[in-house]
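A.B. asks: Got a structure for you, questions after.
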Amino acid sequence: MNWLSEPVAASLIAMLQALVILLGAVLLGAVMTVVERRLLGLWQDRYGPNRVGPFGSLQLIADMIKIFFKEDWIPPFADRTLYVLAPGIAMASLLLSFMIIPITPGWGVADFNIGLLFFLALAGINVYAVLFGGWASGNKYALLGAMRASAQTLSYEVFMGLALMGVVAMAGSFNMREIVNAQEGLWFVVPQFFGFCTFLIAGIAVTHRHPFDQPEAEQELADGYHVEYSSMKFGMFFIGEYVGMVLVSALIVTLFFGGWHGPWLPPIVWFSLKTAAFLVLFVLLRASLPRPRYDRVMSFGWKVCLPLTLINLLVTGAVILIADPL
Amino acid sequence: MEIAFYLSALVAVLATLGVITNTNPVHALLYLIISLISVAMVFFALGAPFAGALEVIVYAGAIMVLFVFVVMMLNLGETVVAQERAWMRPRVWLGPSVLAGILMLTLIATLWGGDAGRVIGGETLTARAVGSLLFGPWLLVVELAAMLLLAALVTASHVGRLPEPDKPAVSRESGARKEAS
């Protein structure tokens with residue numbers, strides 16, 4: 001066993017970790033589709049899918065078989081290159097973001113100095129998935145959905161970055177592990193409460209989840225940017241949305257709720273519990289809130305959230321300087 | 001890091017050529033996005049990850065989205081592709097190629113002369129170093145740039161201002177127009 005030297009073993013373990021995290025993220029996204037339908041059923045006083053297997057537990061497998069065997073149709077009027085590329089961008093940009101999330105002290109893919117900026121960069125790239133998908137479909141509803149999506153995502157990304165800068169200023173680093181370790185005494189949700197609120201809103205808006213699902217509003221736009229997509233290409237947009245949900249939940253836990261820190265239980269359990277709580281919150285928001293009008297969504301972003309994050313950042317900076325003058 | 005630098009630089013050059021030669025406006029923009037991302041990779045290879053990340057966030061993630069947005073709204077069809085193709089005749093390439101060739105020669109001559117000892121990949125610049133440099137010796141430039149941007153912001157919100165609706169009954173109309181602006 002002399003080929004299994006120290007660095008080789010370390011890199012093999014790192015690769016295995018990366019693979020497990022990747023598969024875990026995709027599987028969790030897929031499982032969330034069914035969990036969401038069951039939870040929505042529970043909260044809206046109906047059953048939800050409960051026929052396939054005990055308590056509907058095999059519904060996911062039935063859905064996957066169905067989506068894999070559907071005809072993969074590319075409309076003749078579509079722009080083929082971009083049409084095929086768009087779902088790939090949607091999935092890849094979100095999955096790559098999982099790279100920077102430290103799950104436990106020993107688990108995580110990459111430990112970048114610019115960790116948080118890496119997520120913001122990939123969130124910026126993610127806009128193109130919707131934009132190109134909508135345009136390449138050659139459909140008016142899809143184009144309108146793409147327009148709405150890109151305007152909404154751009155507006156909300158502006159203050160999503162700003163909302164996180166308070167956390168960065170308090171931790172003194174963009175590195176995710178250092179941010180988690182800086183929260184050992186006090187979770188950042190307490191001093192950065194407004195940052196948390198605005199990041200949560202921005203996270204929902206950027207993943208196009210209800211109540212910010214204007215881009216796909218089925219009553220107005222017949223499902224928006226992915227109306228022409230079928231089979232697994234639609235599946236990638238669809239699962240991508242849930243992967244985004246998992247990503248935003250994990251980020252909120254890492255940035256505001258102390259990541260793996262917590263008493264008694266092992267780190268992985270704490271991280272999973274906190275992430276699951278936010279996933280359930282996402283579903284609860286969908287179950288309970290109506291969809292606002294589009295111009296209200298935009299003016300809420302620019303006129304309420306953006307000033308709030310700016311004031312939050314200003315106050316955070318002032319407090320840091322008063323507490324610890326240079 | 002040298003291999004990463006040369007590979008991403010090659011991708012940047014090829015993608016930029018793609019921007020110029022592609023006849024479909026949206027495809028050309030896609031090439032431009034790839035070019036910007038590979039320039040960000042060049043920054044990473046040179047040991048400036050902060051600048052690289054900002055390149056992707058600001059240029060590829062925000063400014064190019066607006067470009068794509070506008071081009072998609074214009075609904076350029078087959079006629080534009082044909083027009084672009086007509087502009088791509090070999091004779092048109094002559095003048096710019098000569099000028100670019102002269103620039104290339106100047107660049108090679110300059111590189112040949114000095115800076116032979118420089119290597120790619122020294123120390124990695126952190127965000128902290130960039131920040132203390134920007135808000136230390138270069139504070140005045142940062143403030144001036146901020147004022148310029150503020151002026152642009154005020155102008156944009158003045159130009160995009162909506163007239164007051166006469167009656168409350170037309171508030172639905174103004175809502176629809178707000179989307180377009």
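Residue names in the structure tokens use chain letters A, B, ... in the order shown, residue numbers from 1 in each chain, and ligand numbers from 1 in the order shown.
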Any idea which chain A residues end up within 10 Å of chain B if we count only C-alpha atoms, as JSON, numbers by chain please?

C.D. replies: {"A": [79, 81, 82, 112, 113, 114, 115, 116, 117, 118, 119, 120, 121, 122, 123, 124, 125, 126, 127, 128, 131, 132, 134, 135, 136, 143, 144, 146, 147, 148, 150, 151, 153, 154, 155, 157, 158, 161, 172, 173, 174, 293, 294, 295, 296, 298, 299]}

A.B. asks: What does the distance between atom CA of A:Gly185 and atom CA of A:Phe257 come to in Å, to one decimal place?

C.D. replies: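 Answer for the atom CA of A:Gly185 to atom CA of A:Phe257 separation: 11.2 Å.
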
A.B. asks: Compile the contact shell of stretch 224-237 of chain A as an mmCIF file with N, CA and C atoms, in the first residue's frame: residues with an atom at most 7 Å away, counting only C-alpha atoms, same-chain residues fewer than 3 positions apart removed.

C.D. replies:
```cif
data_model
loop_
_atom_site.group_PDB
_atom_site.id
_atom_site.type_symbol
_atom_site.label_atom_id
_atom_site.label_comp_id
_atom_site.auth_asym_id
_atom_site.auth_seq_id
_atom_site.Cartn_x
_atom_site.Cartn_y
_atom_site.Cartn_z
ATOM 1 N N ILE A 67 -40.468 11.599 -15.545
ATOM 2 C CA ILE A 67 -39.778 12.717 -16.194
ATOM 3 C C ILE A 67 -38.639 12.228 -17.081
ATOM 4 N N PHE A 68 -38.023 11.075 -16.711
ATOM 5 C CA PHE A 68 -36.941 10.550 -17.541
ATOM 6 C C PHE A 68 -37.470 10.001 -18.858
ATOM 7 N N LYS A 70 -40.227 10.917 -20.538
ATOM 8 C CA LYS A 70 -41.000 11.813 -21.393
ATOM 9 C C LYS A 70 -40.206 12.143 -22.647
ATOM 10 N N GLU A 71 -40.928 12.559 -23.710
ATOM 11 C CA GLU A 71 -40.229 12.908 -24.934
ATOM 12 C C GLU A 71 -39.469 14.206 -24.723
ATOM 13 N N ASP A 72 -38.184 14.196 -25.105
ATOM 14 C CA ASP A 72 -37.360 15.392 -24.971
ATOM 15 C C ASP A 72 -37.475 16.178 -26.270
ATOM 16 N N TRP A 73 -38.381 17.144 -26.275
ATOM 17 C CA TRP A 73 -38.730 17.826 -27.514
ATOM 18 C C TRP A 73 -38.104 19.203 -27.555
ATOM 19 N N PRO A 87 -30.684 25.097 -19.245
ATOM 20 C CA PRO A 87 -30.892 24.276 -18.039
ATOM 21 C C PRO A 87 -29.583 23.865 -17.387
ATOM 22 N N ALA A 90 -28.464 26.643 -15.248
ATOM 23 C CA ALA A 90 -29.325 26.730 -14.062
ATOM 24 C C ALA A 90 -28.847 25.775 -12.978
ATOM 25 N N MET A 91 -28.559 24.537 -13.409
ATOM 26 C CA MET A 91 -28.183 23.517 -12.437
ATOM 27 C C MET A 91 -26.746 23.728 -11.962
ATOM 28 N N VAL A 130 -32.178 31.621 -16.828
ATOM 29 C CA VAL A 130 -33.549 32.030 -17.076
ATOM 30 C C VAL A 130 -33.631 32.910 -18.320
ATOM 31 N N GLY A 133 -32.861 30.807 -21.427
ATOM 32 C CA GLY A 133 -33.933 29.828 -21.594
ATOM 33 C C GLY A 133 -35.178 30.483 -22.155
ATOM 34 N N GLY A 134 -35.524 31.646 -21.589
ATOM 35 C CA GLY A 134 -36.730 32.340 -22.033
ATOM 36 C C GLY A 134 -36.610 32.854 -23.450
ATOM 37 N N SER A 137 -36.457 29.975 -26.257
ATOM 38 C CA SER A 137 -37.685 29.216 -26.507
ATOM 39 C C SER A 137 -38.494 29.794 -27.658
ATOM 40 N N TYR A 141 -44.592 34.223 -23.989
ATOM 41 C CA TYR A 141 -44.740 34.050 -22.536
ATOM 42 C C TYR A 141 -43.387 33.794 -21.897
ATOM 43 N N ALA A 142 -42.586 32.955 -22.579
ATOM 44 C CA ALA A 142 -41.263 32.637 -22.041
ATOM 45 C C ALA A 142 -40.400 33.888 -21.992
ATOM 46 N N LEU A 143 -40.480 34.710 -23.045
ATOM 47 C CA LEU A 143 -39.661 35.926 -23.086
ATOM 48 C C LEU A 143 -40.086 36.882 -21.969
ATOM 49 N N LEU A 144 -41.411 37.040 -21.807
ATOM 50 C CA LEU A 144 -41.892 37.937 -20.741
ATOM 51 C C LEU A 144 -41.436 37.434 -19.369
ATOM 52 N N GLY A 145 -41.535 36.111 -19.182
ATOM 53 C CA GLY A 145 -41.092 35.541 -17.910
ATOM 54 C C GLY A 145 -39.614 35.795 -17.681
ATOM 55 N N ALA A 146 -38.819 35.644 -18.758
ATOM 56 C CA ALA A 146 -37.377 35.858 -18.627
ATOM 57 C C ALA A 146 -37.081 37.304 -18.288
ATOM 58 N N PRO A 215 -41.695 35.375 -12.283
ATOM 59 C CA PRO A 215 -41.232 34.930 -13.602
ATOM 60 C C PRO A 215 -42.032 33.758 -14.146
ATOM 61 N N GLU A 216 -42.601 32.925 -13.264
ATOM 62 C CA GLU A 216 -43.319 31.766 -13.784
ATOM 63 C C GLU A 216 -44.805 31.785 -13.474
ATOM 64 N N ALA A 217 -45.269 32.875 -12.882
ATOM 65 C CA ALA A 217 -46.671 33.023 -12.507
ATOM 66 C C ALA A 217 -47.628 32.327 -13.466
ATOM 67 N N LEU A 221 -48.580 34.010 -16.978
ATOM 68 C CA LEU A 221 -47.553 33.749 -17.984
ATOM 69 C C LEU A 221 -47.512 32.294 -18.408
ATOM 70 N N GLY A 240 -33.515 22.442 -10.126
ATOM 71 C CA GLY A 240 -32.635 23.568 -9.846
ATOM 72 C C GLY A 240 -33.239 24.538 -8.853
ATOM 73 N N GLU A 241 -34.559 24.753 -8.980
ATOM 74 C CA GLU A 241 -35.231 25.658 -8.052
ATOM 75 C C GLU A 241 -35.115 25.133 -6.618
#
```

A.B. asks: Might you pull out every residue within 10 Å of A:Val253, with only C-alpha atoms counted and same-chain residues fewer than 2 positions away left off, and present them as a ChimeraX atom specification?

C.D. replies: /A:101,103,180,187-189,247-251,255-260,270-278

A.B. asks: Could you write those residues out with N, CA, C and O atoms, as a JSON list (two decimals), in the first residue's frame?

C.D. replies:
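Final output, part14.json:
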```
[["chain", "number", "residue", "atom", "x", "y", "z"],
["A", 101, "ILE", "N", -19.72, 26.01, 1.06],
["A", 101, "ILE", "CA", -20.43, 25.89, 2.33],
["A", 101, "ILE", "C", -19.71, 24.90, 3.24],
["A", 101, "ILE", "O", -19.57, 23.73, 2.89],
["A", 103, "ILE", "N", -19.80, 22.38, 6.01],
["A", 103, "ILE", "CA", -20.91, 21.68, 6.65],
["A", 103, "ILE", "C", -20.55, 21.36, 8.10],
["A", 103, "ILE", "O", -21.33, 21.65, 9.01],
["A", 180, "VAL", "N", -18.18, 31.29, 10.27],
["A", 180, "VAL", "CA", -18.83, 30.36, 11.20],
["A", 180, "VAL", "C", -18.14, 30.41, 12.56],
["A", 180, "VAL", "O", -18.79, 30.47, 13.61],
["A", 187, "TRP", "N", -24.70, 34.08, 17.71],
["A", 187, "TRP", "CA", -25.06, 33.97, 16.30],
["A", 187, "TRP", "C", -25.27, 35.35, 15.70],
["A", 187, "TRP", "O", -25.79, 36.24, 16.36],
["A", 188, "PHE", "N", -24.89, 35.49, 14.41],
["A", 188, "PHE", "CA", -24.99, 36.80, 13.77],
["A", 188, "PHE", "C", -26.42, 37.25, 13.55],
["A", 188, "PHE", "O", -26.65, 38.40, 13.19],
["A", 189, "VAL", "N", -27.39, 36.35, 13.77],
["A", 189, "VAL", "CA", -28.78, 36.77, 13.53],
["A", 189, "VAL", "C", -29.17, 37.83, 14.56],
["A", 189, "VAL", "O", -30.03, 38.68, 14.29],
["A", 247, "LEU", "N", -29.68, 25.57, -1.11],
["A", 247, "LEU", "CA", -28.48, 26.39, -1.04],
["A", 247, "LEU", "C", -28.71, 27.62, -0.17],
["A", 247, "LEU", "O", -27.89, 27.94, 0.71],
["A", 248, "VAL", "N", -29.84, 28.31, -0.40],
["A", 248, "VAL", "CA", -30.10, 29.53, 0.38],
["A", 248, "VAL", "C", -30.28, 29.18, 1.85],
["A", 248, "VAL", "O", -29.78, 29.89, 2.73],
["A", 249, "SER", "N", -30.97, 28.06, 2.13],
["A", 249, "SER", "CA", -31.14, 27.65, 3.53],
["A", 249, "SER", "C", -29.80, 27.38, 4.18],
["A", 249, "SER", "O", -29.52, 27.86, 5.29],
["A", 250, "ALA", "N", -28.93, 26.64, 3.46],
["A", 250, "ALA", "CA", -27.61, 26.33, 4.03],
["A", 250, "ALA", "C", -26.80, 27.59, 4.24],
["A", 250, "ALA", "O", -26.08, 27.73, 5.24],
["A", 251, "LEU", "N", -26.94, 28.55, 3.31],
["A", 251, "LEU", "CA", -26.19, 29.81, 3.45],
["A", 251, "LEU", "C", -26.68, 30.60, 4.65],
["A", 251, "LEU", "O", -25.88, 31.16, 5.41],
["A", 255, "LEU", "N", -24.31, 31.68, 7.63],
["A", 255, "LEU", "CA", -23.96, 33.08, 7.82],
["A", 255, "LEU", "C", -24.61, 33.70, 9.06],
["A", 255, "LEU", "O", -24.04, 34.59, 9.67],
["A", 256, "PHE", "N", -25.81, 33.25, 9.40],
["A", 256, "PHE", "CA", -26.53, 33.93, 10.48],
["A", 256, "PHE", "C", -26.82, 33.05, 11.68],
["A", 256, "PHE", "O", -27.09, 33.55, 12.75],
["A", 257, "PHE", "N", -26.82, 31.72, 11.50],
["A", 257, "PHE", "CA", -27.24, 30.85, 12.61],
["A", 257, "PHE", "C", -26.12, 29.92, 13.08],
["A", 257, "PHE", "O", -26.36, 28.81, 13.53],
["A", 258, "GLY", "N", -24.89, 30.39, 12.95],
["A", 258, "GLY", "CA", -23.78, 29.68, 13.58],
["A", 258, "GLY", "C", -23.37, 28.37, 12.94],
["A", 258, "GLY", "O", -22.64, 27.61, 13.57],
["A", 259, "GLY", "N", -23.82, 28.07, 11.73],
["A", 259, "GLY", "CA", -23.38, 26.86, 11.04],
["A", 259, "GLY", "C", -23.52, 25.61, 11.88],
["A", 259, "GLY", "O", -24.63, 25.29, 12.33],
["A", 260, "TRP", "N", -22.41, 24.93, 12.13],
["A", 260, "TRP", "CA", -22.47, 23.65, 12.84],
["A", 260, "TRP", "C", -22.46, 23.82, 14.35],
["A", 260, "TRP", "O", -22.55, 22.85, 15.08],
["A", 270, "TRP", "N", -26.59, 19.33, 13.95],
["A", 270, "TRP", "CA", -27.02, 20.73, 14.10],
["A", 270, "TRP", "C", -27.20, 21.39, 12.76],
["A", 270, "TRP", "O", -28.20, 22.07, 12.51],
["A", 271, "PHE", "N", -26.21, 21.17, 11.87],
["A", 271, "PHE", "CA", -26.29, 21.80, 10.55],
["A", 271, "PHE", "C", -27.54, 21.32, 9.81],
["A", 271, "PHE", "O", -28.28, 22.12, 9.24],
["A", 272, "SER", "N", -27.79, 20.01, 9.84],
["A", 272, "SER", "CA", -28.95, 19.47, 9.12],
["A", 272, "SER", "C", -30.25, 20.00, 9.71],
["A", 272, "SER", "O", -31.16, 20.37, 8.97],
["A", 273, "LEU", "N", -30.33, 20.03, 11.06],
["A", 273, "LEU", "CA", -31.56, 20.48, 11.70],
["A", 273, "LEU", "C", -31.88, 21.93, 11.32],
["A", 273, "LEU", "O", -33.01, 22.26, 10.94],
["A", 274, "LYS", "N", -30.85, 22.78, 11.38],
["A", 274, "LYS", "CA", -31.08, 24.20, 11.08],
["A", 274, "LYS", "C", -31.48, 24.37, 9.62],
["A", 274, "LYS", "O", -32.40, 25.13, 9.29],
["A", 275, "THR", "N", -30.78, 23.65, 8.71],
["A", 275, "THR", "CA", -31.11, 23.76, 7.29],
["A", 275, "THR", "C", -32.53, 23.28, 7.04],
["A", 275, "THR", "O", -33.29, 23.92, 6.30],
["A", 276, "ALA", "N", -32.90, 22.17, 7.68],
["A", 276, "ALA", "CA", -34.25, 21.63, 7.49],
["A", 276, "ALA", "C", -35.29, 22.64, 7.96],
["A", 276, "ALA", "O", -36.34, 22.82, 7.31],
["A", 277, "ALA", "N", -35.01, 23.34, 9.07],
["A", 277, "ALA", "CA", -35.96, 24.32, 9.58],
["A", 277, "ALA", "C", -36.21, 25.41, 8.53],
["A", 277, "ALA", "O", -37.36, 25.81, 8.29],
["A", 278, "PHE", "N", -35.14, 25.86, 7.84],
["A", 278, "PHE", "CA", -35.34, 26.91, 6.84],
["A", 278, "PHE", "C", -36.03, 26.39, 5.60],
["A", 278, "PHE", "O", -36.80, 27.11, 4.96]]
```

A.B. asks: When you count only C-alpha atoms, which of these residues is closest to B:Ile3: B:Val92, B:Leu46, B:Ala40, B:Ala28?

C.D. replies: B:Leu46

A.B. asks: Please report, as a PyMOL selection string, each residue of chain B to which DSSP assigns helix (DSSP H, G or I) when run on this structure's backbone.

C.D. replies: chain B and resi 2-21+25-45+49-74+78-87+90-113+127-134+139-159+168-180

A.B. asks: Would you mind reading off the distance between atom CA of A:Met160 and atom CA of B:Leu153, one decimal, in Å?

C.D. replies: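 Atom CA of B:Leu153 lies 19.6 Å from atom CA of A:Met160.
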
A.B. asks: What's the separation between atom CA of A:Met176 and atom CA of A:Phe300, in Å to one decimal place?

C.D. replies: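 Atom-to-atom, atom CA of A:Met176 to atom CA of A:Phe300, that is 29.4 Å.
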
A.B. asks: Calculated over only C-alpha atoms, which of the candidates A:Gly41, A:Ala86, A:Ala287, A:Val34 has the smallest distance to A:Ala62?

C.D. replies: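 Closest to A:Ala62 of all the choices is A:Val34.
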